[in-house]
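Below is data-v1.pdb, holding PDB, C-alpha atoms.
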ATOM      1  CA  MET R   1      16.670 -13.651  -8.081
ATOM      2  CA  LEU R   2      20.380 -13.132  -8.799
ATOM      3  CA  TYR R   3      20.055 -10.188 -11.195
ATOM      4  CA  PRO R   4      16.748  -8.388 -10.567
ATOM      5  CA  GLY R   5      15.705  -6.044 -13.338
ATOM      6  CA  ARG R   6      18.399  -7.292 -15.707
ATOM      7  CA  VAL R   7      16.838 -10.517 -16.956
ATOM      8  CA  LYS R   8      14.216 -11.062 -19.629
ATOM      9  CA  ARG R   9      12.497 -14.419 -19.426
ATOM     10  CA  VAL R  10      11.275 -15.952 -22.684
ATOM     11  CA  ASN R  11       9.139 -19.064 -23.122
ATOM     12  CA  PHE R  12      10.641 -20.430 -26.332
ATOM     13  CA  VAL R  13       7.650 -22.733 -26.823
ATOM     14  CA  GLU R  14       5.390 -19.710 -27.189
ATOM     15  CA  GLU R  15       7.833 -17.163 -28.650
ATOM     16  CA  LYS R  16      10.318 -18.038 -31.375
ATOM     17  CA  VAL R  17      13.967 -17.321 -30.554
ATOM     18  CA  THR R  18      15.341 -15.030 -33.269
ATOM     19  CA  ALA R  19      18.331 -12.757 -33.776
ATOM     20  CA  THR R  20      16.028  -9.757 -33.266
ATOM     21  CA  LEU R  21      14.855 -11.129 -29.928
ATOM     22  CA  LEU R  22      18.412 -11.717 -28.730
ATOM     23  CA  ASP R  23      19.820  -8.439 -30.052
ATOM     24  CA  GLY R  24      21.139  -6.162 -27.323
ATOM     25  CA  PHE R  25      21.741  -8.878 -24.754
ATOM     26  CA  GLY R  26      25.199  -9.939 -23.628
ATOM     27  CA  TYR R  27      24.210 -13.306 -22.185
ATOM     28  CA  VAL R  28      21.702 -16.021 -22.975
ATOM     29  CA  ILE R  29      20.791 -18.869 -20.605
ATOM     30  CA  THR R  30      18.791 -21.791 -21.947
ATOM     31  CA  VAL R  31      17.058 -24.475 -19.898
ATOM     32  CA  VAL R  32      14.948 -27.193 -21.530
ATOM     33  CA  GLY R  33      13.273 -29.410 -18.965
ATOM     34  CA  ASP R  34      10.805 -31.272 -21.162
ATOM     35  CA  GLY R  35      12.183 -33.487 -23.922
ATOM     36  CA  ALA R  36       9.058 -32.918 -25.990
ATOM     37  CA  ASN R  37      10.062 -29.272 -26.380
ATOM     38  CA  VAL R  38      13.761 -29.571 -27.175
ATOM     39  CA  ALA R  39      13.230 -29.325 -30.940
ATOM     40  CA  LYS R  40      11.241 -26.113 -30.462
ATOM     41  CA  LEU R  41      14.340 -24.246 -29.286
ATOM     42  CA  ASP R  42      16.118 -22.939 -32.385
ATOM     43  CA  TYR R  43      19.668 -23.656 -31.271
ATOM     44  CA  ARG R  44      21.005 -22.335 -34.558
ATOM     45  CA  GLU R  45      19.991 -18.873 -33.384
ATOM     46  CA  ILE R  46      21.609 -19.501 -30.013
ATOM     47  CA  THR R  47      24.837 -20.514 -31.750
ATOM     48  CA  ALA R  48      24.644 -17.485 -34.059
ATOM     49  CA  PHE R  49      24.255 -15.251 -30.984
ATOM     50  CA  ALA R  50      27.471 -16.710 -29.588
ATOM     51  CA  ARG R  51      29.211 -16.320 -32.930
ATOM     52  CA  ARG R  52      28.456 -12.580 -32.842
ATOM     53  CA  GLY R  53      30.210 -12.337 -29.471
ATOM     54  CA  GLY R  54      27.504 -13.398 -27.039
ATOM     55  CA  GLN R  55      27.991 -15.595 -23.997
ATOM     56  CA  VAL R  56      25.684 -18.607 -23.668
ATOM     57  CA  MET R  57      25.073 -21.082 -20.868
ATOM     58  CA  SER R  58      22.878 -24.040 -21.742
ATOM     59  CA  SER R  59      21.733 -27.128 -19.926
ATOM     60  CA  LEU R  60      23.387 -30.275 -21.197
ATOM     61  CA  PHE R  61      20.146 -31.631 -22.659
ATOM     62  CA  GLU R  62      19.589 -29.102 -25.434
ATOM     63  CA  TYR R  63      23.319 -28.746 -26.096
ATOM     64  CA  ALA R  64      23.687 -32.499 -26.612
ATOM     65  CA  HIS R  65      20.633 -32.512 -28.883
ATOM     66  CA  ALA R  66      22.022 -29.655 -30.997
ATOM     67  CA  ARG R  67      25.480 -31.205 -31.279
ATOM     68  CA  ASN R  68      24.312 -34.817 -31.838
ATOM     69  CA  LEU R  69      25.966 -36.019 -28.638
ATOM     70  CA  GLN R  70      24.834 -38.834 -26.364
ATOM     71  CA  PHE R  71      22.905 -37.459 -23.390
ATOM     72  CA  SER R  72      22.928 -39.606 -20.250
ATOM     73  CA  LYS R  73      20.970 -39.472 -17.014
ATOM     74  CA  THR R  74      22.583 -41.962 -14.655
ATOM     75  CA  HIS R  75      20.970 -43.306 -11.477
ATOM     76  CA  VAL R  76      23.467 -44.570  -8.921
ATOM     77  CA  LEU R  77      21.303 -45.674  -5.978
ATOM     78  CA  ASP R  78      23.673 -45.564  -2.978
ATOM     79  CA  ARG R  79      26.847 -46.775  -4.733
ATOM     80  CA  ILE R  80      28.435 -43.351  -5.049
ATOM     81  CA  ARG R  81      27.616 -39.726  -4.341
ATOM     82  CA  PRO R  82      27.726 -38.047  -7.771
ATOM     83  CA  ALA R  83      30.184 -35.211  -8.203
ATOM     84  CA  MET R  84      31.968 -33.450 -11.005
ATOM     85  CA  ARG R  85      35.728 -33.116 -11.080
ATOM     86  CA  ILE R  86      37.132 -29.779 -12.201
ATOM     87  CA  ASP R  87      39.475 -30.521 -15.105
ATOM     88  CA  ILE R  88      40.321 -26.989 -16.251
ATOM     89  CA  ALA R  89      40.805 -23.837 -14.193
ATOM     90  CA  CYS R  90      39.374 -20.836 -16.053
ATOM     91  CA  ASP R  91      37.050 -17.879 -15.544
ATOM     92  CA  ILE R  92      33.979 -20.147 -15.438
ATOM     93  CA  THR R  93      35.458 -22.475 -12.797
ATOM     94  CA  ARG R  94      36.889 -19.574 -10.809
ATOM     95  CA  GLY R  95      37.143 -20.521  -7.143
ATOM     96  CA  PHE R  96      38.098 -24.135  -7.816
ATOM     97  CA  ALA R  97      41.408 -25.791  -8.553
ATOM     98  CA  VAL R  98      42.005 -28.630 -10.999
ATOM     99  CA  GLY R  99      41.095 -31.867  -9.242
ATOM    100  CA  ASP R 100      38.514 -30.332  -6.905
ATOM    101  CA  ALA R 101      35.310 -32.356  -6.641
ATOM    102  CA  VAL R 102      31.930 -30.601  -6.510
ATOM    103  CA  TRP R 103      28.855 -32.548  -5.422
ATOM    104  CA  TRP R 104      26.465 -32.449  -8.382
ATOM    105  CA  PHE R 105      23.314 -34.561  -8.376
ATOM    106  CA  GLY R 106      19.578 -34.746  -7.950
ATOM    107  CA  ASN R 107      17.248 -37.363  -6.519
ATOM    108  CA  VAL R 108      13.703 -38.547  -6.911
ATOM    109  CA  SER R 109      12.342 -36.077  -4.374
ATOM    110  CA  SER R 110      12.404 -32.297  -4.770
ATOM    111  CA  ALA R 111      11.896 -31.672  -1.060
ATOM    112  CA  PRO R 112      14.447 -29.320   0.588
ATOM    113  CA  ASP R 113      16.026 -32.023   2.711
ATOM    114  CA  CYS R 114      18.060 -35.198   2.300
ATOM    115  CA  LEU R 115      15.287 -37.614   1.390
ATOM    116  CA  TYR R 116      15.975 -40.477  -1.002
ATOM    117  CA  VAL R 117      19.760 -40.248  -0.764
ATOM    118  CA  ASN R 118      19.816 -43.818  -2.072
ATOM    119  CA  GLN R 119      18.216 -42.732  -5.365
ATOM    120  CA  MET R 120      20.610 -40.104  -6.695
ATOM    121  CA  TYR R 121      21.159 -39.253 -10.342
ATOM    122  CA  GLN R 122      23.326 -37.037 -12.502
ATOM    123  CA  ARG R 123      23.238 -35.895 -16.121
ATOM    124  CA  GLN R 124      26.275 -36.111 -18.413
ATOM    125  CA  VAL R 125      27.147 -35.885 -22.104
ATOM    126  CA  MET R 126      29.173 -38.708 -23.606
ATOM    127  CA  GLY R 127      31.447 -38.666 -26.620
ATOM    128  CA  VAL R 128      32.586 -35.040 -26.492
ATOM    129  CA  ARG R 129      35.647 -34.619 -28.708
ATOM    130  CA  GLU R 130      37.996 -31.944 -27.462
ATOM    131  CA  SER R 131      39.698 -29.617 -29.929
ATOM    132  CA  ASP R 132      41.039 -26.081 -30.135
ATOM    133  CA  ASP R 133      37.449 -24.856 -29.840
ATOM    134  CA  VAL R 134      35.934 -27.457 -27.515
ATOM    135  CA  ARG R 135      37.179 -28.458 -24.091
ATOM    136  CA  ILE R 136      35.684 -30.332 -21.148
ATOM    137  CA  LEU R 137      35.788 -28.199 -17.997
ATOM    138  CA  ALA R 138      34.449 -30.855 -15.615
ATOM    139  CA  THR R 139      33.785 -34.594 -15.731
ATOM    140  CA  SER R 140      31.573 -36.964 -13.776
ATOM    141  CA  ASN R 141      32.912 -39.229 -11.057
ATOM    142  CA  VAL R 142      30.149 -41.662 -12.022
ATOM    143  CA  ASN R 143      31.090 -42.493 -15.609
ATOM    144  CA  HIS R 144      33.643 -39.820 -16.602
ATOM    145  CA  GLY R 145      31.135 -38.155 -18.916
ATOM    146  CA  ALA R 146      31.243 -34.399 -19.467
ATOM    147  CA  VAL R 147      29.246 -32.375 -16.938
ATOM    148  CA  MET R 148      30.536 -28.969 -18.107
ATOM    149  CA  VAL R 149      31.766 -28.146 -21.618
ATOM    150  CA  GLU R 150      33.117 -24.951 -23.155
ATOM    151  CA  GLU R 151      32.731 -24.406 -26.903
ATOM    152  CA  LYS R 152      34.243 -21.349 -28.563
ATOM    153  CA  VAL R 153      31.988 -20.053 -31.323
ATOM    154  CA  GLY R 154      33.180 -17.132 -33.397
ATOM    155  CA  LYS R 155      33.683 -14.155 -31.087
ATOM    156  CA  GLY R 156      31.756 -15.764 -28.223
ATOM    157  CA  ARG R 157      31.230 -19.131 -26.595
ATOM    158  CA  ILE R 158      28.754 -21.633 -25.236
ATOM    159  CA  ILE R 159      29.047 -23.205 -21.788
ATOM    160  CA  ALA R 160      27.057 -26.430 -21.471
ATOM    161  CA  LEU R 161      26.402 -27.416 -17.868
ATOM    162  CA  ASP R 162      24.137 -29.835 -16.053
ATOM    163  CA  MET R 163      21.851 -27.238 -14.502
ATOM    164  CA  LEU R 164      18.928 -29.606 -13.947
ATOM    165  CA  SER R 165      20.289 -32.327 -11.664
ATOM    166  CA  PRO R 166      20.832 -30.139  -8.559
ATOM    167  CA  GLY R 167      17.243 -28.974  -8.767
ATOM    168  CA  ARG R 168      16.331 -28.432  -5.139
ATOM    169  CA  PRO R 169      15.233 -25.007  -3.870
ATOM    170  CA  PHE R 170      17.935 -22.350  -3.889
ATOM    171  CA  PHE R 171      17.990 -22.121  -0.088
ATOM    172  CA  ASN R 172      18.837 -25.783   0.427
ATOM    173  CA  SER R 173      20.207 -27.432  -2.670
ATOM    174  CA  TYR R 174      21.456 -30.713  -1.277
ATOM    175  CA  GLY R 175      22.804 -31.794  -4.661
ATOM    176  CA  SER R 176      25.088 -28.763  -4.930
ATOM    177  CA  THR R 177      25.268 -25.662  -2.792
ATOM    178  CA  ASN R 178      27.259 -24.138  -5.675
ATOM    179  CA  LYS R 179      24.551 -24.603  -8.312
ATOM    180  CA  TYR R 180      24.539 -20.925  -9.420
ATOM    181  CA  LEU R 181      28.236 -20.261  -9.008
ATOM    182  CA  PHE R 182      29.364 -21.094 -12.551
ATOM    183  CA  LEU R 183      26.571 -19.068 -14.100
ATOM    184  CA  GLY R 184      27.510 -16.129 -11.857
ATOM    185  CA  ASN R 185      31.134 -16.478 -12.905
ATOM    186  CA  MET R 186      30.111 -16.189 -16.549
ATOM    187  CA  VAL R 187      27.887 -13.160 -16.059
ATOM    188  CA  ASN R 188      29.937 -11.026 -13.682
ATOM    189  CA  GLN R 189      32.904 -12.962 -12.273
ATOM    190  CA  ALA R 190      30.941 -13.636  -9.079
ATOM    191  CA  VAL R 191      33.801 -15.415  -7.294
ATOM    192  CA  ARG R 192      36.732 -13.057  -6.973
ATOM    193  CA  TYR R 193      38.873 -14.639  -4.272
ATOM    194  CA  GLY R 194      37.176 -17.966  -3.702
ATOM    195  CA  LYS R 195      38.782 -21.198  -2.671
ATOM    196  CA  GLN R 196      37.147 -24.550  -2.054
ATOM    197  CA  TYR R 197      37.700 -26.340   1.224
ATOM    198  CA  SER R 198      36.464 -29.814   0.440
ATOM    199  CA  LYS R 199      36.634 -31.199   3.972
ATOM    200  CA  ARG R 200      35.192 -29.926   7.216
ATOM    201  CA  LEU R 201      38.100 -29.949   9.653
ATOM    202  CA  THR R 202      37.953 -30.718  13.340
ATOM    203  CA  TYR R 203      38.861 -27.828  15.597
ATOM    204  CA  ASP R 204      42.355 -29.204  16.192
ATOM    205  CA  GLU R 205      42.830 -29.701  12.436
ATOM    206  CA  PHE R 206      41.658 -26.156  11.824
ATOM    207  CA  VAL R 207      44.165 -24.766  14.324
ATOM    208  CA  ALA R 208      46.855 -26.811  12.601
ATOM    209  CA  ALA R 209      45.787 -25.272   9.270
ATOM    210  CA  MET R 210      46.129 -21.811  10.826
ATOM    211  CA  GLN R 211      49.637 -22.634  12.006
ATOM    212  CA  GLN R 212      50.598 -24.084   8.610
ATOM    213  CA  LEU R 213      49.379 -20.924   6.881
ATOM    214  CA  ALA R 214      51.360 -18.733   9.283
ATOM    215  CA  ALA R 215      54.462 -20.838   8.631
ATOM    216  CA  LYS R 216      54.148 -20.013   4.911
ATOM    217  CA  HIS R 217      53.665 -16.282   5.460
ATOM    218  CA  PRO R 218      56.013 -14.518   7.915
ATOM    219  CA  ALA R 219      53.596 -11.567   8.110
ATOM    220  CA  LEU R 220      51.018 -13.800   9.830
ATOM    221  CA  THR R 221      51.217 -14.687  13.509
ATOM    222  CA  VAL R 222      48.984 -17.169  15.327
ATOM    223  CA  ARG R 223      48.307 -16.066  18.901
ATOM    224  CA  PRO R 224      46.627 -17.897  21.808
ATOM    225  CA  GLU R 225      43.774 -15.874  23.286
ATOM    226  CA  GLY R 226      42.715 -17.974  26.274
ATOM    227  CA  PRO R 227      40.442 -20.964  26.883
ATOM    228  CA  CYS R 228      36.939 -21.443  25.569
ATOM    229  CA  SER R 229      34.069 -22.892  27.603
ATOM    230  CA  ASP R 230      35.409 -26.456  27.385
ATOM    231  CA  GLY R 231      38.960 -25.441  28.231
ATOM    232  CA  ARG R 232      40.536 -25.604  24.813
ATOM    233  CA  GLN R 233      42.753 -22.772  23.665
ATOM    234  CA  MET R 234      41.322 -20.182  21.253
ATOM    235  CA  TYR R 235      43.519 -18.613  18.573
ATOM    236  CA  THR R 236      43.688 -15.545  16.370
ATOM    237  CA  PHE R 237      45.691 -14.434  13.376
ATOM    238  CA  SER R 238      47.565 -11.173  13.824
ATOM    239  CA  LEU R 239      48.706  -9.174  10.817
ATOM    240  CA  GLY R 240      50.250  -5.699  10.699
ATOM    241  CA  ASP R 241      51.569  -3.325  13.343
ATOM    242  CA  PRO R 242      49.547  -3.577  16.604
ATOM    243  CA  ALA R 243      50.237   0.140  17.158
ATOM    244  CA  ASN R 244      47.959   0.929  14.207
ATOM    245  CA  PRO R 245      44.144   0.923  14.416
ATOM    246  CA  THR R 246      42.888  -2.642  14.702
ATOM    247  CA  MET R 247      40.231  -4.213  12.474
ATOM    248  CA  TYR R 248      38.710  -7.329  14.013
ATOM    249  CA  PHE R 249      37.090 -10.218  12.122
ATOM    250  CA  GLY R 250      35.388 -13.066  13.962
ATOM    251  CA  GLY R 251      33.422 -16.102  12.849
ATOM    252  CA  SER R 252      31.636 -19.243  14.004
ATOM    253  CA  VAL R 253      29.766 -17.912  16.997
ATOM    254  CA  HIS R 254      27.081 -20.565  16.511
ATOM    255  CA  GLY R 255      28.221 -24.096  15.862
ATOM    256  CA  TRP R 256      26.149 -24.569  12.717
ATOM    257  CA  GLU R 257      27.589 -21.329  11.293
ATOM    258  CA  TRP R 258      30.941 -22.902  10.561
ATOM    259  CA  GLU R 259      31.469 -21.977   6.900
ATOM    260  CA  ASN R 260      32.554 -18.417   7.683
ATOM    261  CA  ALA R 261      35.569 -19.783   9.574
ATOM    262  CA  TYR R 262      36.968 -20.983   6.251
ATOM    263  CA  GLY R 263      36.201 -17.609   4.701
ATOM    264  CA  LEU R 264      38.320 -15.963   7.401
ATOM    265  CA  LEU R 265      41.092 -18.505   6.904
ATOM    266  CA  ARG R 266      41.081 -17.499   3.247
ATOM    267  CA  LEU R 267      40.980 -13.794   4.176
ATOM    268  CA  ALA R 268      44.112 -14.179   6.278
ATOM    269  CA  GLU R 269      45.814 -15.892   3.349
ATOM    270  CA  LEU R 270      44.781 -13.134   0.936
ATOM    271  CA  LEU R 271      45.953 -10.356   3.242
ATOM    272  CA  ALA R 272      49.301 -12.084   3.686
ATOM    273  CA  GLU R 273      49.697 -12.471  -0.079
ATOM    274  CA  ASN R 274      48.545  -8.950  -0.973
ATOM    275  CA  PRO R 275      48.926  -6.431   1.872
ATOM    276  CA  ARG R 276      46.789  -3.819   0.081
ATOM    277  CA  ILE R 277      44.027  -6.005  -1.309
ATOM    278  CA  GLU R 278      40.707  -4.184  -1.767
ATOM    279  CA  GLY R 279      41.936  -1.250   0.304
ATOM    280  CA  LEU R 280      42.606  -3.384   3.384
ATOM    281  CA  ASP R 281      46.062  -1.879   3.831
ATOM    282  CA  THR R 282      48.124  -3.862   6.324
ATOM    283  CA  THR R 283      50.699  -1.063   6.389
ATOM    284  CA  ARG R 284      48.114   1.289   7.931
ATOM    285  CA  LEU R 285      45.914  -1.149   9.838
ATOM    286  CA  HIS R 286      46.391  -4.009  12.255
ATOM    287  CA  PHE R 287      44.192  -7.056  11.666
ATOM    288  CA  THR R 288      43.052  -9.515  14.313
ATOM    289  CA  ILE R 289      41.164 -12.497  12.887
ATOM    290  CA  MET R 290      39.520 -15.166  15.042
ATOM    291  CA  PRO R 291      37.999 -17.675  12.610
ATOM    292  CA  ILE R 292      36.388 -19.785  15.347
ATOM    293  CA  GLN R 293      34.932 -17.917  18.315
ATOM    294  CA  ASN R 294      33.090 -20.941  19.700
ATOM    295  CA  PRO R 295      35.222 -24.110  19.417
ATOM    296  CA  TRP R 296      32.891 -26.169  21.603
ATOM    297  CA  ALA R 297      29.798 -25.532  19.468
ATOM    298  CA  MET R 298      31.663 -26.051  16.218
ATOM    299  CA  THR R 299      32.859 -29.433  17.409
ATOM    300  CA  THR R 300      29.473 -30.656  18.649
ATOM    301  CA  SER R 301      27.411 -29.512  15.627
ATOM    302  CA  PRO R 302      26.367 -32.000  12.916
ATOM    303  CA  ALA R 303      28.962 -32.211  10.150
ATOM    304  CA  ARG R 304      28.323 -30.803   6.702
ATOM    305  CA  THR R 305      30.651 -30.184   3.772
ATOM    306  CA  ARG R 306      30.425 -26.904   1.892
ATOM    307  CA  ALA R 307      32.682 -24.422   0.142
ATOM    308  CA  ALA R 308      33.520 -20.984   1.527
ATOM    309  CA  TRP R 309      33.555 -18.015  -0.832
ATOM    310  CA  ILE R 310      34.665 -14.409  -0.593
TER     311      ILE R 310
END
Can I see the file as structure tokens?
Amino acid sequence: MLYPGRVKRVNFVEEKVTATLLDGFGYVITVVGDGANVAKLDYREITAFARRGGQVMSSLFEYAHARNLQFSKTHVLDRIRPAMRIDIACDITRGFAVGDAVWWFGNVSSAPDCLYVNQMYQRQVMGVRESDDVRILATSNVNHGAVMVEEKVGKGRIIALDMLSPGRPFFNSYGSTNKYLFLGNMVNQAVRYGKQYSKRLTYDEFVAAMQQLAAKHPALTVRPEGPCSDGRQMYTFSLGDPANPTMYFGGSVHGWEWENAYGLLRLAELLAENPRIEGLDTTRLHFTIMPIQNPWAMTTSPARTRAAWI
């Protein structure tokens, strides 16, 4: 789905993984869902592929089995919503800062909704010893086990990640809306300018965030644009010379389409930091950005928490 025409799928139960099979590929992704089959994956060949310079992402299960680590699947009922804490900022965790929490869990139902929220679980690996070649990129808020590990192997590396817990359909993965992000970062640096906003702000809080951002960057101006349908003031960012051609960005027309407002908040920040980013030259263009075009609907819509990415 993510890389059509570029992926070869191999059933390792039916076809033995060998150096010849892996030759010519830059990346290998392994997922073992059935414990009865874990020994059938020749992880020595996977490791050898990494040693030759390949990039590997594996589910925690087979990685723990190959490295003789304790694999844990922890059920938490409704005591805590499982997440992983980003411990190291690197190319794999691009888009997150150290300390950011990412919801990361599954539950007993695979339906694309929030059923069985009182029966959540998360996979971790316990006993990982960090060294010059091994480091834990993210840990569990449930038991502080490793949820994402990086191991340098020769000229390449292996990333071990719990890819099975957030197993809902791609269009509505309640356990993590970012379930493919780390894999995408490994393959082609999918997140280029991302930033996580861990809390959904109220409209007034969002306006305050706009004003705080403008206070940090003299090039940004926050302007009132008149009242919305419920009488509250609407605001835009202004950047560049208004005498130049204007490029307008607007978001959040529908109340449930609120994530793009955070993307535009981030865009304003990026333009203020780098006036010529991606050809968006603020010396030649004037930018007007209205992150929230419908304050009333955004306020009355059901709350959700997601990240915004550019």
Practice problem: I need the residue set behind the PyMOL selection byres ((chain R and resi 186) around 12) for this file; please write it as number ranges by chain. | Solution: R: 26-29, 54-58, 90-94, 150, 156-161, 180-185, 187-191
Print the selection's residues with C-alpha atoms to a file, as a PDB file, keeping the file's coordinate frame.
ATOM      1  CA  GLY R  26      25.199  -9.939 -23.628  1.00  0.00           C
ATOM      2  CA  TYR R  27      24.210 -13.306 -22.185  1.00  0.00           C
ATOM      3  CA  VAL R  28      21.702 -16.021 -22.975  1.00  0.00           C
ATOM      4  CA  ILE R  29      20.791 -18.869 -20.605  1.00  0.00           C
ATOM      5  CA  GLY R  54      27.504 -13.398 -27.039  1.00  0.00           C
ATOM      6  CA  GLN R  55      27.991 -15.595 -23.997  1.00  0.00           C
ATOM      7  CA  VAL R  56      25.684 -18.607 -23.668  1.00  0.00           C
ATOM      8  CA  MET R  57      25.073 -21.082 -20.868  1.00  0.00           C
ATOM      9  CA  SER R  58      22.878 -24.040 -21.742  1.00  0.00           C
ATOM     10  CA  CYS R  90      39.374 -20.836 -16.053  1.00  0.00           C
ATOM     11  CA  ASP R  91      37.050 -17.879 -15.544  1.00  0.00           C
ATOM     12  CA  ILE R  92      33.979 -20.147 -15.438  1.00  0.00           C
ATOM     13  CA  THR R  93      35.458 -22.475 -12.797  1.00  0.00           C
ATOM     14  CA  ARG R  94      36.889 -19.574 -10.809  1.00  0.00           C
ATOM     15  CA  GLU R 150      33.117 -24.951 -23.155  1.00  0.00           C
ATOM     16  CA  GLY R 156      31.756 -15.764 -28.223  1.00  0.00           C
ATOM     17  CA  ARG R 157      31.230 -19.131 -26.595  1.00  0.00           C
ATOM     18  CA  ILE R 158      28.754 -21.633 -25.236  1.00  0.00           C
ATOM     19  CA  ILE R 159      29.047 -23.205 -21.788  1.00  0.00           C
ATOM     20  CA  ALA R 160      27.057 -26.430 -21.471  1.00  0.00           C
ATOM     21  CA  LEU R 161      26.402 -27.416 -17.868  1.00  0.00           C
ATOM     22  CA  TYR R 180      24.539 -20.925  -9.420  1.00  0.00           C
ATOM     23  CA  LEU R 181      28.236 -20.261  -9.008  1.00  0.00           C
ATOM     24  CA  PHE R 182      29.364 -21.094 -12.551  1.00  0.00           C
ATOM     25  CA  LEU R 183      26.571 -19.068 -14.100  1.00  0.00           C
ATOM     26  CA  GLY R 184      27.510 -16.129 -11.857  1.00  0.00           C
ATOM     27  CA  ASN R 185      31.134 -16.478 -12.905  1.00  0.00           C
ATOM     28  CA  VAL R 187      27.887 -13.160 -16.059  1.00  0.00           C
ATOM     29  CA  ASN R 188      29.937 -11.026 -13.682  1.00  0.00           C
ATOM     30  CA  GLN R 189      32.904 -12.962 -12.273  1.00  0.00           C
ATOM     31  CA  ALA R 190      30.941 -13.636  -9.079  1.00  0.00           C
ATOM     32  CA  VAL R 191      33.801 -15.415  -7.294  1.00  0.00           C
TER      33      VAL R 191
END
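Considering all atoms listed in the file, the residue among R:Arg192, R:His286, R:Arg81, R:Lys152 positioned nearest to Pro245 of chain R is R:His286.
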Exercise. Taking the file above as input, evaluate the PyMOL selection byres ((chain R and resi 77) around 12) and report the hits as a PyMOL selection string.
Key: chain R and resi 74-76+78-82+105-108+116-122+142
Exercise. Kindly indicate which residue among R:Ala101, R:Ala50, R:Leu115, R:Ile136 lies nearest to Gly154 of chain R, using only C-alpha atoms for the distances.
Key: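 Ranking R:Ala101, R:Ala50, R:Leu115, R:Ile136 by distance to Gly154 of chain R, first place goes to R:Ala50.
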Residue members of the PyMOL selection byres ((chain R and resi 16) around 12) in the file shown, as a compact mmCIF listing (two decimals) with C-alpha atoms, in the coordinates of the input:
# COMPACT_ATOMS: atom_id res chain seq x y z
CA VAL R 10 11.28 -15.95 -22.68
CA ASN R 11 9.14 -19.06 -23.12
CA PHE R 12 10.64 -20.43 -26.33
CA VAL R 13 7.65 -22.73 -26.82
CA GLU R 14 5.39 -19.71 -27.19
CA GLU R 15 7.83 -17.16 -28.65
CA VAL R 17 13.97 -17.32 -30.55
CA THR R 18 15.34 -15.03 -33.27
CA ALA R 19 18.33 -12.76 -33.78
CA THR R 20 16.03 -9.76 -33.27
CA LEU R 21 14.86 -11.13 -29.93
CA LEU R 22 18.41 -11.72 -28.73
CA ALA R 39 13.23 -29.32 -30.94
CA LYS R 40 11.24 -26.11 -30.46
CA LEU R 41 14.34 -24.25 -29.29
CA ASP R 42 16.12 -22.94 -32.38
CA TYR R 43 19.67 -23.66 -31.27
CA ARG R 44 21.00 -22.34 -34.56
CA GLU R 45 19.99 -18.87 -33.38
CA ILE R 46 21.61 -19.50 -30.01
Quiz item: Mind pulling up the distance from atom CA of Val98 of chain R to atom CA of Leu164 of chain R?
Solution: 23.3 Å
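Shortest separation to Tyr193 of chain R among R:Thr221, R:Gln124, R:Asn244, R:Asn274 occurs at residue R:Asn274, atoms counted being all atoms listed in the file.
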Exercise. Quick one: pull the distance between atom CA of Arg85 of chain R and atom CA of Leu264 of chain R, Å, one decimal.
Key: 25.3 Å
Quiz item: In Å, how far is it from atom CA of Arg52 of chain R to atom CA of Arg67 of chain R?
Solution: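 These two atoms are separated by 18.9 Å.
Here the question is which of R:Trp296, R:Ala215, R:Lys73, R:Val102 gets nearest to Thr177 of chain R using all atoms listed in the file, and that residue is R:Val102.
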Practice problem: Determine, counting only C-alpha atoms, which protein, DNA and RNA residues have an atom within 12 Å of an atom of Thr246 of chain R; residues of the same chain fewer than 5 positions away are not included. Present the result as a VMD selection string. | Solution: chain R and resid 238 to 241 280 to 289
Output C-alpha atoms of each residue in that selection to a file, as a CSV table (one decimal), in the frame of the given file.
chain,number,residue,atom,x,y,z
R,238,SER,CA,47.6,-11.2,13.8
R,239,LEU,CA,48.7,-9.2,10.8
R,240,GLY,CA,50.2,-5.7,10.7
R,241,ASP,CA,51.6,-3.3,13.3
R,280,LEU,CA,42.6,-3.4,3.4
R,281,ASP,CA,46.1,-1.9,3.8
R,282,THR,CA,48.1,-3.9,6.3
R,283,THR,CA,50.7,-1.1,6.4
R,284,ARG,CA,48.1,1.3,7.9
R,285,LEU,CA,45.9,-1.1,9.8
R,286,HIS,CA,46.4,-4.0,12.3
R,287,PHE,CA,44.2,-7.1,11.7
R,288,THR,CA,43.1,-9.5,14.3
R,289,ILE,CA,41.2,-12.5,12.9
Practice problem: Name the closest residue to Arg135 of chain R among the candidates R:Ala89, R:Val38, R:Ala97, R:Ala272; distances are taken between atoms, counting all atoms listed in the file. | Solution: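 So, comparing all the options, the nearest one is R:Ala89.
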Quiz item: Which residue, R:Ile292, R:Met84, R:Met148, R:Val153, has the smallest gap to Gly255 of chain R when you use all atoms listed in the file?
Solution: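 Using all atoms listed in the file, the shortest distance to Gly255 of chain R belongs to R:Ile292.
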Missing atoms in segment 263-267 of chain R need filling: write out N, CA and C atoms for it as a PDB file, in the frame of the given file.
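The resulting file, part_26.pdb, is shown below:
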ATOM      1  N   GLY R 263      36.079 -18.895   5.374  1.00  0.00           N
ATOM      2  CA  GLY R 263      36.201 -17.609   4.701  1.00  0.00           C
ATOM      3  C   GLY R 263      37.243 -16.725   5.362  1.00  0.00           C
ATOM      4  N   LEU R 264      37.319 -16.762   6.694  1.00  0.00           N
ATOM      5  CA  LEU R 264      38.320 -15.963   7.401  1.00  0.00           C
ATOM      6  C   LEU R 264      39.717 -16.559   7.267  1.00  0.00           C
ATOM      7  N   LEU R 265      39.793 -17.877   7.178  1.00  0.00           N
ATOM      8  CA  LEU R 265      41.092 -18.505   6.904  1.00  0.00           C
ATOM      9  C   LEU R 265      41.605 -18.031   5.548  1.00  0.00           C
ATOM     10  N   ARG R 266      40.714 -17.981   4.576  1.00  0.00           N
ATOM     11  CA  ARG R 266      41.081 -17.499   3.247  1.00  0.00           C
ATOM     12  C   ARG R 266      41.417 -15.997   3.284  1.00  0.00           C
ATOM     13  N   LEU R 267      40.686 -15.222   4.063  1.00  0.00           N
ATOM     14  CA  LEU R 267      40.980 -13.794   4.176  1.00  0.00           C
ATOM     15  C   LEU R 267      42.384 -13.560   4.714  1.00  0.00           C
TER      16      LEU R 267
END
